[in-house]
>>> print(open('work_14.pdb').read())   # PDB, C-alpha atoms, pLDDT in the B column
MODEL        1
ATOM      1  CA  MET A   1      40.304  22.070  16.804  1.00 93.00           C
ATOM      2  CA  GLU A   2      38.315  23.488  19.670  1.00 96.00           C
ATOM      3  CA  ILE A   3      35.846  25.025  17.206  1.00 97.00           C
ATOM      4  CA  ALA A   4      35.446  21.646  15.432  1.00 97.00           C
ATOM      5  CA  HIS A   5      34.548  20.040  18.779  1.00 97.00           C
ATOM      6  CA  LEU A   6      32.000  22.790  19.417  1.00 97.00           C
ATOM      7  CA  VAL A   7      30.479  22.306  15.939  1.00 98.00           C
ATOM      8  CA  ALA A   8      30.252  18.524  16.579  1.00 97.00           C
ATOM      9  CA  LYS A   9      27.749  19.223  19.372  1.00 97.00           C
ATOM     10  CA  ARG A  10      25.197  20.141  16.662  1.00 95.00           C
ATOM     11  CA  SER A  11      25.370  16.629  15.222  1.00 94.00           C
ATOM     12  CA  THR A  12      22.182  14.584  15.222  1.00 89.00           C
ATOM     13  CA  CYS A  13      23.915  11.249  14.563  1.00 89.00           C
ATOM     14  CA  LEU A  14      23.148   8.550  17.109  1.00 89.00           C
ATOM     15  CA  ARG A  15      26.475   6.742  16.704  1.00 88.00           C
ATOM     16  CA  ARG A  16      29.170   9.432  16.550  1.00 90.00           C
ATOM     17  CA  GLN A  17      29.223  13.221  16.690  1.00 95.00           C
ATOM     18  CA  VAL A  18      31.733  14.727  14.269  1.00 97.00           C
ATOM     19  CA  GLY A  19      32.595  18.350  13.592  1.00 98.00           C
ATOM     20  CA  ALA A  20      34.671  19.896  10.801  1.00 98.00           C
ATOM     21  CA  VAL A  21      36.069  23.356  10.206  1.00 98.00           C
ATOM     22  CA  LEU A  22      37.632  24.562   6.960  1.00 98.00           C
ATOM     23  CA  VAL A  23      40.330  27.228   7.335  1.00 98.00           C
ATOM     24  CA  ARG A  24      42.615  29.127   4.960  1.00 97.00           C
ATOM     25  CA  GLU A  25      45.194  31.720   6.001  1.00 96.00           C
ATOM     26  CA  LYS A  26      43.894  31.630   9.606  1.00 94.00           C
ATOM     27  CA  ARG A  27      40.345  32.468   8.452  1.00 97.00           C
ATOM     28  CA  LEU A  28      37.383  30.221   9.094  1.00 98.00           C
ATOM     29  CA  LEU A  29      35.703  29.457   5.756  1.00 98.00           C
ATOM     30  CA  ALA A  30      32.924  27.016   6.691  1.00 98.00           C
ATOM     31  CA  THR A  31      31.811  24.503   9.298  1.00 98.00           C
ATOM     32  CA  GLY A  32      30.053  21.157   9.066  1.00 98.00           C
ATOM     33  CA  TYR A  33      28.730  18.409  11.293  1.00 97.00           C
ATOM     34  CA  ASN A  34      27.241  15.016  10.564  1.00 95.00           C
ATOM     35  CA  GLY A  35      23.504  14.544  10.355  1.00 92.00           C
ATOM     36  CA  ALA A  36      20.491  14.148   8.089  1.00 91.00           C
ATOM     37  CA  PRO A  37      20.148  16.404   5.023  1.00 91.00           C
ATOM     38  CA  SER A  38      18.361  19.742   5.506  1.00 90.00           C
ATOM     39  CA  GLY A  39      14.600  19.385   5.785  1.00 91.00           C
ATOM     40  CA  MET A  40      14.694  15.662   6.597  1.00 90.00           C
ATOM     41  CA  GLU A  41      13.893  14.128   9.950  1.00 88.00           C
ATOM     42  CA  HIS A  42      16.906  13.697  12.178  1.00 86.00           C
ATOM     43  CA  CYS A  43      18.228  10.258  13.010  1.00 84.00           C
ATOM     44  CA  GLU A  44      17.290  11.009  16.623  1.00 84.00           C
ATOM     45  CA  ALA A  45      13.640  10.880  15.465  1.00 88.00           C
ATOM     46  CA  VAL A  46      13.680   7.961  12.995  1.00 89.00           C
ATOM     47  CA  GLY A  47      16.506   5.818  14.349  1.00 88.00           C
ATOM     48  CA  CYS A  48      19.625   4.423  12.726  1.00 87.00           C
ATOM     49  CA  LEU A  49      19.341   1.629  10.147  1.00 87.00           C
ATOM     50  CA  ARG A  50      23.041   0.789  10.403  1.00 86.00           C
ATOM     51  CA  ALA A  51      22.744   0.387  14.182  1.00 87.00           C
ATOM     52  CA  ARG A  52      19.614  -1.772  13.820  1.00 89.00           C
ATOM     53  CA  LEU A  53      21.444  -4.017  11.345  1.00 92.00           C
ATOM     54  CA  GLY A  54      24.567  -4.176  13.521  1.00 91.00           C
ATOM     55  CA  ILE A  55      26.833  -2.755  10.812  1.00 90.00           C
ATOM     56  CA  PRO A  56      30.275  -1.856  12.189  1.00 87.00           C
ATOM     57  CA  SER A  57      31.701   1.630  11.955  1.00 80.00           C
ATOM     58  CA  GLY A  58      33.454   2.285   8.661  1.00 78.00           C
ATOM     59  CA  GLU A  59      31.287  -0.087   6.611  1.00 83.00           C
ATOM     60  CA  ARG A  60      28.237   0.265   4.320  1.00 86.00           C
ATOM     61  CA  HIS A  61      28.138   4.068   4.266  1.00 79.00           C
ATOM     62  CA  GLU A  62      25.464   3.955   1.577  1.00 83.00           C
ATOM     63  CA  LEU A  63      22.893   2.808   4.159  1.00 84.00           C
ATOM     64  CA  CYS A  64      23.385   5.886   6.311  1.00 86.00           C
ATOM     65  CA  ARG A  65      20.885   8.745   5.984  1.00 87.00           C
ATOM     66  CA  GLY A  66      23.416  11.197   7.350  1.00 90.00           C
ATOM     67  CA  ILE A  67      25.921  13.373   5.595  1.00 94.00           C
ATOM     68  CA  HIS A  68      29.425  13.345   7.056  1.00 95.00           C
ATOM     69  CA  ALA A  69      30.831  16.519   8.630  1.00 97.00           C
ATOM     70  CA  GLU A  70      33.558  16.680   5.973  1.00 97.00           C
ATOM     71  CA  GLN A  71      30.962  16.490   3.209  1.00 97.00           C
ATOM     72  CA  ASN A  72      28.833  19.157   4.877  1.00 97.00           C
ATOM     73  CA  VAL A  73      31.744  21.596   5.264  1.00 98.00           C
ATOM     74  CA  ILE A  74      32.539  21.324   1.526  1.00 98.00           C
ATOM     75  CA  ILE A  75      28.834  21.657   0.641  1.00 97.00           C
ATOM     76  CA  GLN A  76      28.470  24.747   2.845  1.00 97.00           C
ATOM     77  CA  ALA A  77      31.491  26.369   1.207  1.00 98.00           C
ATOM     78  CA  ALA A  78      30.042  25.610  -2.248  1.00 97.00           C
ATOM     79  CA  ARG A  79      26.598  26.972  -1.359  1.00 97.00           C
ATOM     80  CA  HIS A  80      28.167  30.243  -0.272  1.00 97.00           C
ATOM     81  CA  GLY A  81      30.642  30.529  -3.156  1.00 98.00           C
ATOM     82  CA  ILE A  82      33.749  29.987  -1.021  1.00 98.00           C
ATOM     83  CA  SER A  83      36.766  28.378  -2.658  1.00 98.00           C
ATOM     84  CA  THR A  84      38.224  25.393  -0.791  1.00 98.00           C
ATOM     85  CA  GLU A  85      41.473  25.392  -2.812  1.00 98.00           C
ATOM     86  CA  GLY A  86      44.502  25.262  -0.506  1.00 97.00           C
ATOM     87  CA  ALA A  87      42.419  25.092   2.686  1.00 98.00           C
ATOM     88  CA  THR A  88      43.091  23.098   5.837  1.00 98.00           C
ATOM     89  CA  LEU A  89      40.377  20.907   7.334  1.00 98.00           C
ATOM     90  CA  PHE A  90      40.225  20.484  11.096  1.00 98.00           C
ATOM     91  CA  CYS A  91      38.052  17.475  11.914  1.00 97.00           C
ATOM     92  CA  THR A  92      37.311  15.754  15.204  1.00 97.00           C
ATOM     93  CA  VAL A  93      37.616  12.332  13.502  1.00 94.00           C
ATOM     94  CA  SER A  94      39.815  11.247  10.589  1.00 93.00           C
ATOM     95  CA  PRO A  95      37.865  11.133   7.305  1.00 93.00           C
ATOM     96  CA  CYS A  96      36.512   7.989   5.659  1.00 91.00           C
ATOM     97  CA  PHE A  97      37.451   6.960   2.109  1.00 90.00           C
ATOM     98  CA  ILE A  98      34.451   8.708   0.538  1.00 91.00           C
ATOM     99  CA  CYS A  99      35.245  11.964   2.335  1.00 94.00           C
ATOM    100  CA  ALA A 100      38.946  11.609   1.480  1.00 93.00           C
ATOM    101  CA  LYS A 101      38.074  11.544  -2.235  1.00 93.00           C
ATOM    102  CA  ILE A 102      35.889  14.624  -1.856  1.00 95.00           C
ATOM    103  CA  LEU A 103      38.593  16.515   0.047  1.00 96.00           C
ATOM    104  CA  VAL A 104      41.230  15.719  -2.575  1.00 95.00           C
ATOM    105  CA  GLN A 105      38.897  16.846  -5.370  1.00 96.00           C
ATOM    106  CA  ALA A 106      37.988  20.029  -3.454  1.00 97.00           C
ATOM    107  CA  GLY A 107      41.652  21.067  -3.344  1.00 97.00           C
ATOM    108  CA  VAL A 108      42.062  20.795   0.418  1.00 97.00           C
ATOM    109  CA  ARG A 109      45.811  20.654   1.130  1.00 96.00           C
ATOM    110  CA  GLN A 110      45.892  19.496   4.745  1.00 96.00           C
ATOM    111  CA  VAL A 111      43.710  17.507   7.146  1.00 96.00           C
ATOM    112  CA  VAL A 112      44.251  17.824  10.889  1.00 96.00           C
ATOM    113  CA  TYR A 113      42.221  15.356  12.932  1.00 94.00           C
ATOM    114  CA  GLY A 114      41.633  14.158  16.490  1.00 94.00           C
ATOM    115  CA  ALA A 115      40.319  10.602  16.809  1.00 86.00           C
ATOM    116  CA  GLY A 116      41.075   7.827  14.330  1.00 83.00           C
ATOM    117  CA  TYR A 117      38.498   6.133  12.111  1.00 77.00           C
ATOM    118  CA  PRO A 118      38.676   2.545  10.847  1.00 67.00           C
ATOM    119  CA  ASP A 119      39.225   3.234   7.137  1.00 76.00           C
ATOM    120  CA  GLU A 120      42.698   2.418   5.826  1.00 80.00           C
ATOM    121  CA  LYS A 121      41.648   3.250   2.239  1.00 83.00           C
ATOM    122  CA  ALA A 122      41.328   6.904   3.256  1.00 83.00           C
ATOM    123  CA  LEU A 123      44.999   6.990   4.213  1.00 81.00           C
ATOM    124  CA  ASP A 124      45.924   5.614   0.796  1.00 82.00           C
ATOM    125  CA  MET A 125      43.790   8.293  -0.879  1.00 80.00           C
ATOM    126  CA  PHE A 126      45.611  11.070   1.004  1.00 80.00           C
ATOM    127  CA  SER A 127      49.060   9.671   0.243  1.00 81.00           C
ATOM    128  CA  GLY A 128      50.922  12.237  -1.835  1.00 81.00           C
ATOM    129  CA  GLN A 129      47.794  14.415  -2.187  1.00 81.00           C
ATOM    130  CA  ILE A 130      47.033  15.884   1.229  1.00 88.00           C
ATOM    131  CA  SER A 131      49.115  16.391   4.351  1.00 88.00           C
ATOM    132  CA  PHE A 132      47.459  14.268   7.051  1.00 85.00           C
ATOM    133  CA  VAL A 133      48.198  15.231  10.681  1.00 89.00           C
ATOM    134  CA  LYS A 134      46.900  13.591  13.865  1.00 89.00           C
ATOM    135  CA  LEU A 135      46.782  15.838  16.909  1.00 88.00           C
ATOM    136  CA  SER A 136      48.110  14.194  20.038  1.00 73.00           C
ATOM    137  CA  SER A 137      45.604  13.924  22.847  1.00 60.00           C
TER
ENDMDL
END
>>> encode(input="work_14.pdb", output="structure tokens")
Amino acid sequence: MEIAHLVAKRSTCLRRQVGAVLVREKRLLATGYNGAPSGMEHCEAVGCLRARLGIPSGERHELCRGIHAEQNVIIQAARHGISTEGATLFCTVSPCFICAKILVQAGVRQVVYGAGYPDEKALDMFSGQISFVKLSS
């Protein structure tokens, strides 16, 4: 989890810095952090629409320019031809519903997370599909 916290420091999100690390058989496969897509201006430069509109955390993800850390770690693995089947995700924050669906589809078998996130639908998505473990502080 320490590596996930280090990766989170690269985040350009104004609201929450999140880091993710994908591991299989004690080998680091890929890392990801939340922020704008490659080649686009960072939220630090253009601001946050969700913050301007006062949208609470966990709602209206479609308005966010950023890509979640969990999405980025899966994308990085795909870009480099690395299978995610049977991997464990270490993430500084528990995944949202959208990321939960992606992780299930990617074949991730376990998610280990630090802080909670206000998305009960994600827990339902993991039920019976992925082992979901919260690290104690």
>>> residues_around(input="work_14.pdb", residues="Gln17 of chain A", least_positions_apart="5", cutoff="9 Å", atoms="all atoms listed in the file", output="list in words")
His5, Ala8, Lys9, Arg10, Ser11, Thr12, Tyr33, Asn34, Gly35, Ala69 and Thr92 of chain A
>>> atom_distance(input="work_14.pdb", atom1="atom CA of Leu49 of chain A", atom2="atom CA of Ile67 of chain A")
14.2 Å
>>> closest_residue(input="work_14.pdb", among="A:Leu89, A:Leu14, A:Ala45, A:Leu63", to="Tyr113 of chain A", atoms="only C-alpha atoms")
A:Leu89
>>> resolve_selection(input="work_14.pdb", expression="the PyMOL selection byres ((chain A and resi 128-137) around 6)", output="list of chain:residue names")
A:Arg109, A:Gln110, A:Val111, A:Val112, A:Tyr113, A:Gly114, A:Phe126, A:Ser127
>>> resolve_selection(input="work_14.pdb", expression="the PyMOL selection byres ((chain A and resi 96-106) around 9)", output="ChimeraX atom specification")
/A:58,61,68-71,74,83-86,89,94-95,107-109,111,117-126,129-130
>>> resolve_selection(input="work_14.pdb", expression="the PyMOL selection byres ((chain A and resi 37) around 8)", output="mmCIF file with C-alpha atoms, in the frame of the given file")
data_model
loop_
_atom_site.group_PDB
_atom_site.id
_atom_site.type_symbol
_atom_site.label_atom_id
_atom_site.label_comp_id
_atom_site.auth_asym_id
_atom_site.auth_seq_id
_atom_site.Cartn_x
_atom_site.Cartn_y
_atom_site.Cartn_z
ATOM 1 C CA GLY A 35 23.504 14.544 10.355
ATOM 2 C CA ALA A 36 20.491 14.148 8.089
ATOM 3 C CA SER A 38 18.361 19.742 5.506
ATOM 4 C CA GLY A 39 14.600 19.385 5.785
ATOM 5 C CA MET A 40 14.694 15.662 6.597
ATOM 6 C CA ARG A 65 20.885 8.745 5.984
ATOM 7 C CA GLY A 66 23.416 11.197 7.350
ATOM 8 C CA ILE A 67 25.921 13.373 5.595
#
>>> atom_distance(input="work_14.pdb", atom1="atom CA of Phe90 of chain A", atom2="atom CA of Leu22 of chain A")
6.4 Å
>>> atom_distance(input="work_14.pdb", atom1="atom CA of Val18 of chain A", atom2="atom CA of Thr31 of chain A")
11.0 Å
>>> build_atoms(input="work_14.pdb", residues="segment 78-105 of chain A", atoms="N, CA and C atoms", output="mmCIF file, in the frame of the given file")
data_model
loop_
_atom_site.group_PDB
_atom_site.id
_atom_site.type_symbol
_atom_site.label_atom_id
_atom_site.label_comp_id
_atom_site.auth_asym_id
_atom_site.auth_seq_id
_atom_site.Cartn_x
_atom_site.Cartn_y
_atom_site.Cartn_z
ATOM 1 N N ALA A 78 30.557 25.511 -0.874
ATOM 2 C CA ALA A 78 30.042 25.610 -2.248
ATOM 3 C C ALA A 78 28.766 26.446 -2.304
ATOM 4 N N ARG A 79 27.867 26.233 -1.367
ATOM 5 C CA ARG A 79 26.598 26.972 -1.359
ATOM 6 C C ARG A 79 26.812 28.470 -1.196
ATOM 7 N N HIS A 80 27.907 28.826 -0.525
ATOM 8 C CA HIS A 80 28.167 30.243 -0.272
ATOM 9 C C HIS A 80 29.272 30.808 -1.159
ATOM 10 N N GLY A 81 29.668 30.042 -2.183
ATOM 11 C CA GLY A 81 30.642 30.529 -3.156
ATOM 12 C C GLY A 81 32.043 30.709 -2.607
ATOM 13 N N ILE A 82 32.434 29.878 -1.656
ATOM 14 C CA ILE A 82 33.749 29.987 -1.021
ATOM 15 C C ILE A 82 34.670 28.908 -1.587
ATOM 16 N N SER A 83 35.792 29.326 -2.122
ATOM 17 C CA SER A 83 36.766 28.378 -2.658
ATOM 18 C C SER A 83 37.412 27.565 -1.523
ATOM 19 N N THR A 84 37.582 26.273 -1.766
ATOM 20 C CA THR A 84 38.224 25.393 -0.791
ATOM 21 C C THR A 84 39.675 25.090 -1.177
ATOM 22 N N GLU A 85 40.118 25.627 -2.305
ATOM 23 C CA GLU A 85 41.473 25.392 -2.812
ATOM 24 C C GLU A 85 42.518 25.849 -1.794
ATOM 25 N N GLY A 86 43.406 24.939 -1.413
ATOM 26 C CA GLY A 86 44.502 25.262 -0.506
ATOM 27 C C GLY A 86 44.115 25.354 0.955
ATOM 28 N N ALA A 87 42.900 24.983 1.306
ATOM 29 C CA ALA A 87 42.419 25.092 2.686
ATOM 30 C C ALA A 87 42.925 23.934 3.547
ATOM 31 N N THR A 88 42.805 24.135 4.850
ATOM 32 C CA THR A 88 43.091 23.098 5.837
ATOM 33 C C THR A 88 41.781 22.710 6.503
ATOM 34 N N LEU A 89 41.559 21.414 6.644
ATOM 35 C CA LEU A 89 40.377 20.907 7.334
ATOM 36 C C LEU A 89 40.774 20.456 8.726
ATOM 37 N N PHE A 90 40.083 20.968 9.729
ATOM 38 C CA PHE A 90 40.225 20.484 11.096
ATOM 39 C C PHE A 90 38.986 19.656 11.373
ATOM 40 N N CYS A 91 39.181 18.388 11.724
ATOM 41 C CA CYS A 91 38.052 17.475 11.914
ATOM 42 C C CYS A 91 38.264 16.664 13.190
ATOM 43 N N THR A 92 37.195 16.475 13.939
ATOM 44 C CA THR A 92 37.311 15.754 15.204
ATOM 45 C C THR A 92 37.649 14.282 15.009
ATOM 46 N N VAL A 93 37.354 13.741 13.833
ATOM 47 C CA VAL A 93 37.616 12.332 13.502
ATOM 48 C C VAL A 93 38.265 12.279 12.124
ATOM 49 N N SER A 94 39.190 11.352 11.912
ATOM 50 C CA SER A 94 39.815 11.247 10.589
ATOM 51 C C SER A 94 38.771 10.839 9.554
ATOM 52 N N PRO A 95 38.873 11.379 8.346
ATOM 53 C CA PRO A 95 37.865 11.133 7.305
ATOM 54 C C PRO A 95 37.835 9.688 6.797
ATOM 55 N N CYS A 96 36.676 9.288 6.314
ATOM 56 C CA CYS A 96 36.512 7.989 5.659
ATOM 57 C C CYS A 96 36.997 8.096 4.205
ATOM 58 N N PHE A 97 36.993 7.005 3.493
ATOM 59 C CA PHE A 97 37.451 6.960 2.109
ATOM 60 C C PHE A 97 36.634 7.883 1.203
ATOM 61 N N ILE A 98 35.320 7.862 1.362
ATOM 62 C CA ILE A 98 34.451 8.708 0.538
ATOM 63 C C ILE A 98 34.783 10.187 0.768
ATOM 64 N N CYS A 99 34.916 10.572 2.021
ATOM 65 C CA CYS A 99 35.245 11.964 2.335
ATOM 66 C C CYS A 99 36.654 12.314 1.862
ATOM 67 N N ALA A 100 37.579 11.372 1.954
ATOM 68 C CA ALA A 100 38.946 11.609 1.480
ATOM 69 C C ALA A 100 38.938 11.967 -0.004
ATOM 70 N N LYS A 101 38.153 11.245 -0.799
ATOM 71 C CA LYS A 101 38.074 11.544 -2.235
ATOM 72 C C LYS A 101 37.523 12.946 -2.463
ATOM 73 N N ILE A 102 36.509 13.305 -1.717
ATOM 74 C CA ILE A 102 35.889 14.624 -1.856
ATOM 75 C C ILE A 102 36.886 15.721 -1.482
ATOM 76 N N LEU A 103 37.628 15.513 -0.402
ATOM 77 C CA LEU A 103 38.593 16.515 0.047
ATOM 78 C C LEU A 103 39.719 16.713 -0.961
ATOM 79 N N VAL A 104 40.202 15.619 -1.543
ATOM 80 C CA VAL A 104 41.230 15.719 -2.575
ATOM 81 C C VAL A 104 40.686 16.517 -3.756
ATOM 82 N N GLN A 105 39.497 16.178 -4.208
ATOM 83 C CA GLN A 105 38.897 16.846 -5.370
ATOM 84 C C GLN A 105 38.599 18.320 -5.097
#
